[in-house]
Amino acid sequence: MSVRQIRKTRISRDLVVAFVATVLLVALSIAFGGSPGSRQAGDHRPALRLAYFPNLTHAPALVGVARGEFQRDLSDFWIDPKVVNAGPDAMEALLAGEVDIAYVGPSPAINTYVKSGGKALTILAGACSGGASLIARNGVNIRSVADLDHRRVAVPQLGGTQDVSLRHFLHESGLSPQDQGGTVEVLPVKNPDILALFIQKQIDAAWVPEPWASRLKKDAGAKTVVDERDLWPNRTFTTTIIVARRAFSQAHPDAVEAFLRAHLATLEWINSHPKEAQVTVNAELKRLTGKALSPSVLEEAWIRLAFTDDPNRSNVIAFANAARTAGYLKGETDLSGAFDTGPLELARSQARLGTR
């Protein structure tokens, strides 16, 4: 299938995916007497609508939902999971009032914060660091970002964190995308379609998160050109943060605090039980996408990830500067009011005291 054909079939494919997702949720509800997001008869609690991706970089969300951590701490709410493909999708839903808390990359979050004049969201915590790479098709002479000149490079979605990273490091290498008058064709392609296009030799490279970077190597015979960690100071960059819709956090501060307590407990469990965490994440990926990862892909991808509650403020600001270079933000970017770590500090204090 060509890039053009994939674009033509996008609407029908999305409808099929939506239908399949609905069937999966219904089936899970029948099998277990209620699934994540299903409300029992007579349950009148308000919903906390949680957005996240079926990616390893969102493992804390996958584990927290699967193990019931969020629901355990938020007994006054019912957790309504919203699985999306990429950050801009999650932020559109947040702006529409359809999402309350989201696991998302820093770039879409910053873009949404700035364009809303700081009114849309607040950054609460970190979730994941690392776990993104530039991958090239086997047989294509790409050894560095500089070799992307006159190449076709895929990203999961325009305006997403991997897209901003690609554009930033193209600029650092003296290159620019075609939509900015340059020579690199940047294509927004959903992660599963990137794999198909690699196999069909329709694209040359992709900047993708895990597990897709490792899957491209395993299933398409691709090669790692750059582990993005190697491009940032101390080999650390923020992949996933937690944001809350500002109106929700102002109306329900206790719910935000409880959510963060559950997030911290989930991080502690992931980091102290890595093998069990991988099994749990893989089961969720299979439930959500219909396909589990092979053990070799999962193990390789996992070593590139670090799960942490630190949002890495300096790196988020660096992403804001990169987004401005990429043309997604105009003028100076004031992020002084973007971070609200007060609830996280309180949740940390309670965790040290053993209070949940």
# chains A, B, ... in the order shown; residues from 1 in each chain; ligands from 1

call {"tool": "closest_atom_pairs", "arguments": {"of": "stretch 71-96 of chain A", "to": "stretch 284-290 of chain A", "cutoff": "12 Å", "atoms": "only C-alpha atoms", "output": "tab-separated table"}}
result
residue	atom	partner	partner_atom	distance
A:Pro81	CA	A:Leu288	CA	11.1
A:Lys82	CA	A:Leu288	CA	10.9
A:Val83	CA	A:Leu288	CA	8.2
A:Val84	CA	A:Leu288	CA	10.5
A:Asn85	CA	A:Thr289	CA	11.0

call {"tool": "select_by_dssp", "arguments": {"residues": "stretch 23-242 of chain A", "states": "strand (DSSP E or B)", "output": "PyMOL selection string"}}
result
chain A and resi 47-52+78-83+101-104+121-130+132-136+152-155+177+184-188+205-209+223-227+238-242

call {"tool": "residues_around", "arguments": {"residues": "A:Arg67", "least_positions_apart": "4", "cutoff": "9 Å", "atoms": "only C-alpha atoms", "output": "list of chain:residue names"}}
result
A:Leu62, A:Val63, A:Gln71, A:Thr266, A:Thr280

call {"tool": "closest_residue", "arguments": {"among": "A:Ile199, A:Ala127, A:Ala323, A:Val225", "to": "A:Gly159", "atoms": "only C-alpha atoms"}}
result
A:Ala323

call {"tool": "select_by_dssp", "arguments": {"residues": "stretch 228-346 of chain A", "states": "helix (DSSP H, G or I)", "output": "PDB file with C-alpha atoms, in the first residue's frame"}}
result
ATOM      1  CA  GLU A 228      17.403  10.207  21.076  1.00  0.00           C
ATOM      2  CA  ARG A 229      18.926  10.011  24.548  1.00  0.00           C
ATOM      3  CA  ASP A 230      22.317  10.561  22.919  1.00  0.00           C
ATOM      4  CA  LEU A 231      21.208  13.970  21.632  1.00  0.00           C
ATOM      5  CA  PRO A 233      22.339  16.529  28.028  1.00  0.00           C
ATOM      6  CA  ASN A 234      22.901  13.688  30.494  1.00  0.00           C
ATOM      7  CA  ARG A 235      21.133  11.344  28.015  1.00  0.00           C
ATOM      8  CA  ARG A 246      -7.152  23.301  34.378  1.00  0.00           C
ATOM      9  CA  ALA A 247     -10.891  23.580  34.999  1.00  0.00           C
ATOM     10  CA  PHE A 248     -10.924  20.005  36.311  1.00  0.00           C
ATOM     11  CA  SER A 249      -7.897  20.459  38.585  1.00  0.00           C
ATOM     12  CA  GLN A 250      -9.399  23.639  40.032  1.00  0.00           C
ATOM     13  CA  ALA A 251     -12.780  22.000  40.634  1.00  0.00           C
ATOM     14  CA  PRO A 253      -8.012  19.225  43.662  1.00  0.00           C
ATOM     15  CA  ASP A 254      -8.537  16.174  45.892  1.00  0.00           C
ATOM     16  CA  ALA A 255      -9.079  13.980  42.827  1.00  0.00           C
ATOM     17  CA  VAL A 256      -5.863  15.271  41.233  1.00  0.00           C
ATOM     18  CA  GLU A 257      -3.929  14.568  44.402  1.00  0.00           C
ATOM     19  CA  ALA A 258      -5.414  11.070  44.659  1.00  0.00           C
ATOM     20  CA  PHE A 259      -4.570  10.384  41.035  1.00  0.00           C
ATOM     21  CA  LEU A 260      -0.960  11.363  41.624  1.00  0.00           C
ATOM     22  CA  ARG A 261      -0.764   9.096  44.676  1.00  0.00           C
ATOM     23  CA  ALA A 262      -1.880   6.239  42.441  1.00  0.00           C
ATOM     24  CA  HIS A 263       0.633   7.313  39.795  1.00  0.00           C
ATOM     25  CA  LEU A 264       3.471   7.227  42.327  1.00  0.00           C
ATOM     26  CA  ALA A 265       2.402   3.804  43.563  1.00  0.00           C
ATOM     27  CA  THR A 266       2.307   2.568  39.969  1.00  0.00           C
ATOM     28  CA  LEU A 267       5.796   3.909  39.249  1.00  0.00           C
ATOM     29  CA  GLU A 268       7.151   2.249  42.382  1.00  0.00           C
ATOM     30  CA  TRP A 269       5.625  -1.083  41.368  1.00  0.00           C
ATOM     31  CA  ILE A 270       6.937  -0.844  37.766  1.00  0.00           C
ATOM     32  CA  ASN A 271      10.460  -0.016  38.892  1.00  0.00           C
ATOM     33  CA  SER A 272      10.553  -2.723  41.567  1.00  0.00           C
ATOM     34  CA  PRO A 274      10.193  -4.856  35.903  1.00  0.00           C
ATOM     35  CA  LYS A 275       9.450  -8.364  34.602  1.00  0.00           C
ATOM     36  CA  GLU A 276       5.903  -8.392  35.973  1.00  0.00           C
ATOM     37  CA  ALA A 277       5.415  -4.860  34.674  1.00  0.00           C
ATOM     38  CA  GLN A 278       6.409  -5.962  31.176  1.00  0.00           C
ATOM     39  CA  VAL A 279       3.896  -8.813  31.310  1.00  0.00           C
ATOM     40  CA  THR A 280       1.149  -6.442  32.475  1.00  0.00           C
ATOM     41  CA  VAL A 281       1.935  -3.859  29.806  1.00  0.00           C
ATOM     42  CA  ASN A 282       2.060  -6.499  27.093  1.00  0.00           C
ATOM     43  CA  ALA A 283      -1.343  -7.853  28.127  1.00  0.00           C
ATOM     44  CA  GLU A 284      -2.779  -4.337  27.906  1.00  0.00           C
ATOM     45  CA  LEU A 285      -1.220  -3.761  24.501  1.00  0.00           C
ATOM     46  CA  LYS A 286      -2.820  -6.966  23.272  1.00  0.00           C
ATOM     47  CA  ARG A 287      -6.181  -5.949  24.712  1.00  0.00           C
ATOM     48  CA  LEU A 288      -6.035  -2.512  23.120  1.00  0.00           C
ATOM     49  CA  THR A 289      -4.377  -3.273  19.779  1.00  0.00           C
ATOM     50  CA  PRO A 295       9.522 -10.942  24.230  1.00  0.00           C
ATOM     51  CA  SER A 296      12.636  -9.839  22.327  1.00  0.00           C
ATOM     52  CA  VAL A 297      11.036  -6.567  21.187  1.00  0.00           C
ATOM     53  CA  LEU A 298       9.652  -5.866  24.647  1.00  0.00           C
ATOM     54  CA  GLU A 299      12.973  -6.499  26.388  1.00  0.00           C
ATOM     55  CA  GLU A 300      14.951  -4.388  23.929  1.00  0.00           C
ATOM     56  CA  ALA A 301      12.515  -1.491  24.124  1.00  0.00           C
ATOM     57  CA  TRP A 302      12.305  -1.573  27.929  1.00  0.00           C
ATOM     58  CA  ARG A 313      11.299  21.210  33.729  1.00  0.00           C
ATOM     59  CA  SER A 314      14.447  22.299  31.889  1.00  0.00           C
ATOM     60  CA  ASN A 315      13.899  19.695  29.180  1.00  0.00           C
ATOM     61  CA  VAL A 316      10.243  20.657  28.767  1.00  0.00           C
ATOM     62  CA  ILE A 317      11.370  24.250  28.267  1.00  0.00           C
ATOM     63  CA  ALA A 318      13.915  22.987  25.716  1.00  0.00           C
ATOM     64  CA  PHE A 319      11.062  21.285  23.859  1.00  0.00           C
ATOM     65  CA  ALA A 320       9.184  24.593  23.868  1.00  0.00           C
ATOM     66  CA  ASN A 321      12.164  26.240  22.201  1.00  0.00           C
ATOM     67  CA  ALA A 322      12.330  23.360  19.705  1.00  0.00           C
ATOM     68  CA  ALA A 323       8.625  23.768  18.927  1.00  0.00           C
ATOM     69  CA  ARG A 324       9.208  27.454  18.237  1.00  0.00           C
ATOM     70  CA  THR A 325      12.084  26.571  15.887  1.00  0.00           C
ATOM     71  CA  GLY A 342       2.219  21.218  44.593  1.00  0.00           C
ATOM     72  CA  PRO A 343      -0.133  18.216  44.335  1.00  0.00           C
ATOM     73  CA  LEU A 344       2.827  15.985  43.402  1.00  0.00           C
ATOM     74  CA  GLU A 345       4.834  17.132  46.425  1.00  0.00           C
ATOM     75  CA  LEU A 346       1.856  16.425  48.680  1.00  0.00           C
TER      76      LEU A 346
END

call {"tool": "closest_residue", "arguments": {"among": "A:Gly160, A:Pro88, A:Gly139, A:Pro211", "to": "A:Asn55", "atoms": "only C-alpha atoms"}}
result
A:Pro211

call {"tool": "residues_around", "arguments": {"residues": "A:Gly221", "least_positions_apart": "5", "cutoff": "8 Å", "atoms": "only C-alpha atoms", "output": "ChimeraX atom specification"}}
result
/A:137-138,216

call {"tool": "residues_around", "arguments": {"residues": "A:Leu94", "least_positions_apart": "2", "cutoff": "10 Å", "atoms": "only C-alpha atoms", "output": "PyMOL selection string"}}
result
chain A and resi 49-51+88-92+96-102+112+120-121+243-246

call {"tool": "write_last_selection", "arguments": {"atoms": "N, CA and C atoms", "output": "CSV table (one decimal), in the first residue's frame"}}
result
chain,number,residue,atom,x,y,z
A,49,ARG,N,-12.0,11.3,33.1
A,49,ARG,CA,-11.6,10.8,31.8
A,49,ARG,C,-10.1,10.9,31.6
A,50,LEU,N,-9.5,9.7,31.4
A,50,LEU,CA,-8.0,9.6,31.3
A,50,LEU,C,-7.6,9.2,30.0
A,51,ALA,N,-6.8,10.1,29.3
A,51,ALA,CA,-6.2,9.8,28.0
A,51,ALA,C,-4.8,9.3,28.1
A,88,PRO,N,-1.4,15.3,19.9
A,88,PRO,CA,-2.4,16.2,19.4
A,88,PRO,C,-3.8,15.8,19.5
A,89,ASP,N,-4.1,14.4,19.3
A,89,ASP,CA,-5.4,13.9,19.5
A,89,ASP,C,-5.9,14.1,21.0
A,90,ALA,N,-5.0,13.8,21.9
A,90,ALA,CA,-5.3,13.9,23.3
A,90,ALA,C,-5.6,15.4,23.7
A,91,MET,N,-4.8,16.3,23.1
A,91,MET,CA,-5.0,17.7,23.5
A,91,MET,C,-6.3,18.3,22.8
A,92,GLU,N,-6.6,17.8,21.7
A,92,GLU,CA,-7.9,18.2,21.1
A,92,GLU,C,-9.0,17.8,21.9
A,96,ALA,N,-11.7,20.2,24.1
A,96,ALA,CA,-13.1,20.0,23.9
A,96,ALA,C,-13.8,19.6,25.2
A,97,GLY,N,-13.1,19.5,26.3
A,97,GLY,CA,-13.7,19.1,27.5
A,97,GLY,C,-14.0,17.7,27.7
A,98,GLU,N,-13.4,16.8,26.8
A,98,GLU,CA,-13.7,15.4,26.8
A,98,GLU,C,-12.6,14.6,27.5
A,99,VAL,N,-11.6,15.2,28.0
A,99,VAL,CA,-10.5,14.6,28.8
A,99,VAL,C,-10.2,15.4,30.0
A,100,ASP,N,-10.0,14.8,31.1
A,100,ASP,CA,-9.7,15.5,32.4
A,100,ASP,C,-8.2,15.5,32.7
A,101,ILE,N,-7.6,14.3,32.6
A,101,ILE,CA,-6.2,14.1,32.8
A,101,ILE,C,-5.6,13.3,31.7
A,102,ALA,N,-4.4,13.6,31.3
A,102,ALA,CA,-3.8,12.9,30.1
A,102,ALA,C,-2.3,12.6,30.3
A,112,THR,N,-0.6,23.3,23.4
A,112,THR,CA,-1.9,23.6,23.9
A,112,THR,C,-1.9,24.6,25.0
A,120,ALA,N,-5.8,26.2,29.4
A,120,ALA,CA,-6.3,24.9,29.1
A,120,ALA,C,-5.8,23.8,30.1
A,121,LEU,N,-4.6,23.9,30.5
A,121,LEU,CA,-4.0,22.8,31.2
A,121,LEU,C,-2.9,23.2,32.2
A,243,VAL,N,-0.7,15.8,32.4
A,243,VAL,CA,-1.3,17.1,32.5
A,243,VAL,C,-2.8,17.0,32.9
A,244,ALA,N,-3.3,18.0,33.5
A,244,ALA,CA,-4.7,18.0,33.8
A,244,ALA,C,-5.4,19.2,33.2
A,245,ARG,N,-6.6,19.0,32.8
A,245,ARG,CA,-7.4,20.1,32.3
A,245,ARG,C,-7.6,21.1,33.5
A,246,ARG,N,-7.2,22.4,33.3
A,246,ARG,CA,-7.2,23.3,34.4
A,246,ARG,C,-8.5,23.4,35.1

call {"tool": "atom_distance", "arguments": {"atom1": "atom CA of A:Leu148", "atom2": "atom CA of A:Asp219"}}
result
22.1 Å

call {"tool": "residues_around", "arguments": {"residues": "A:Gly118", "least_positions_apart": "4", "cutoff": "7 Å", "atoms": "only C-alpha atoms", "output": "list in words"}}
result
Tyr113, Val114 and Ala338 of chain A

call {"tool": "residues_around", "arguments": {"residues": "stretch 303-310 of chain A", "least_positions_apart": "5", "cutoff": "7 Å", "atoms": "only C-alpha atoms", "output": "MDAnalysis selection string"}}
result
chainID A and resid 125:131 267

call {"tool": "closest_atom_pairs", "arguments": {"of": "stretch 73-131 of chain A", "to": "stretch 163-168 of chain A", "cutoff": "12 Å", "atoms": "only C-alpha atoms", "output": "tab-separated table"}}
result
residue	atom	partner	partner_atom	distance
A:Ala86	CA	A:Asp163	CA	10.8
A:Gly87	CA	A:Asp163	CA	10.7
A:Pro88	CA	A:Asp163	CA	11.1
A:Gly105	CA	A:Val164	CA	10.4
A:Pro106	CA	A:Val164	CA	9.8
A:Ser107	CA	A:Val164	CA	6.9
A:Pro108	CA	A:Val164	CA	9.3
A:Ile110	CA	A:Val164	CA	11.4
A:Asn111	CA	A:Val164	CA	10.8

call {"tool": "closest_residue", "arguments": {"among": "A:Gln350, A:Thr122, A:Asn312, A:Thr57", "to": "A:Thr240", "atoms": "only C-alpha atoms"}}
result
A:Thr57

call {"tool": "closest_residue", "arguments": {"among": "A:Ala132, A:Trp232, A:Thr183, A:Glu69", "to": "A:Ser214", "atoms": "only C-alpha atoms"}}
result
A:Ala132
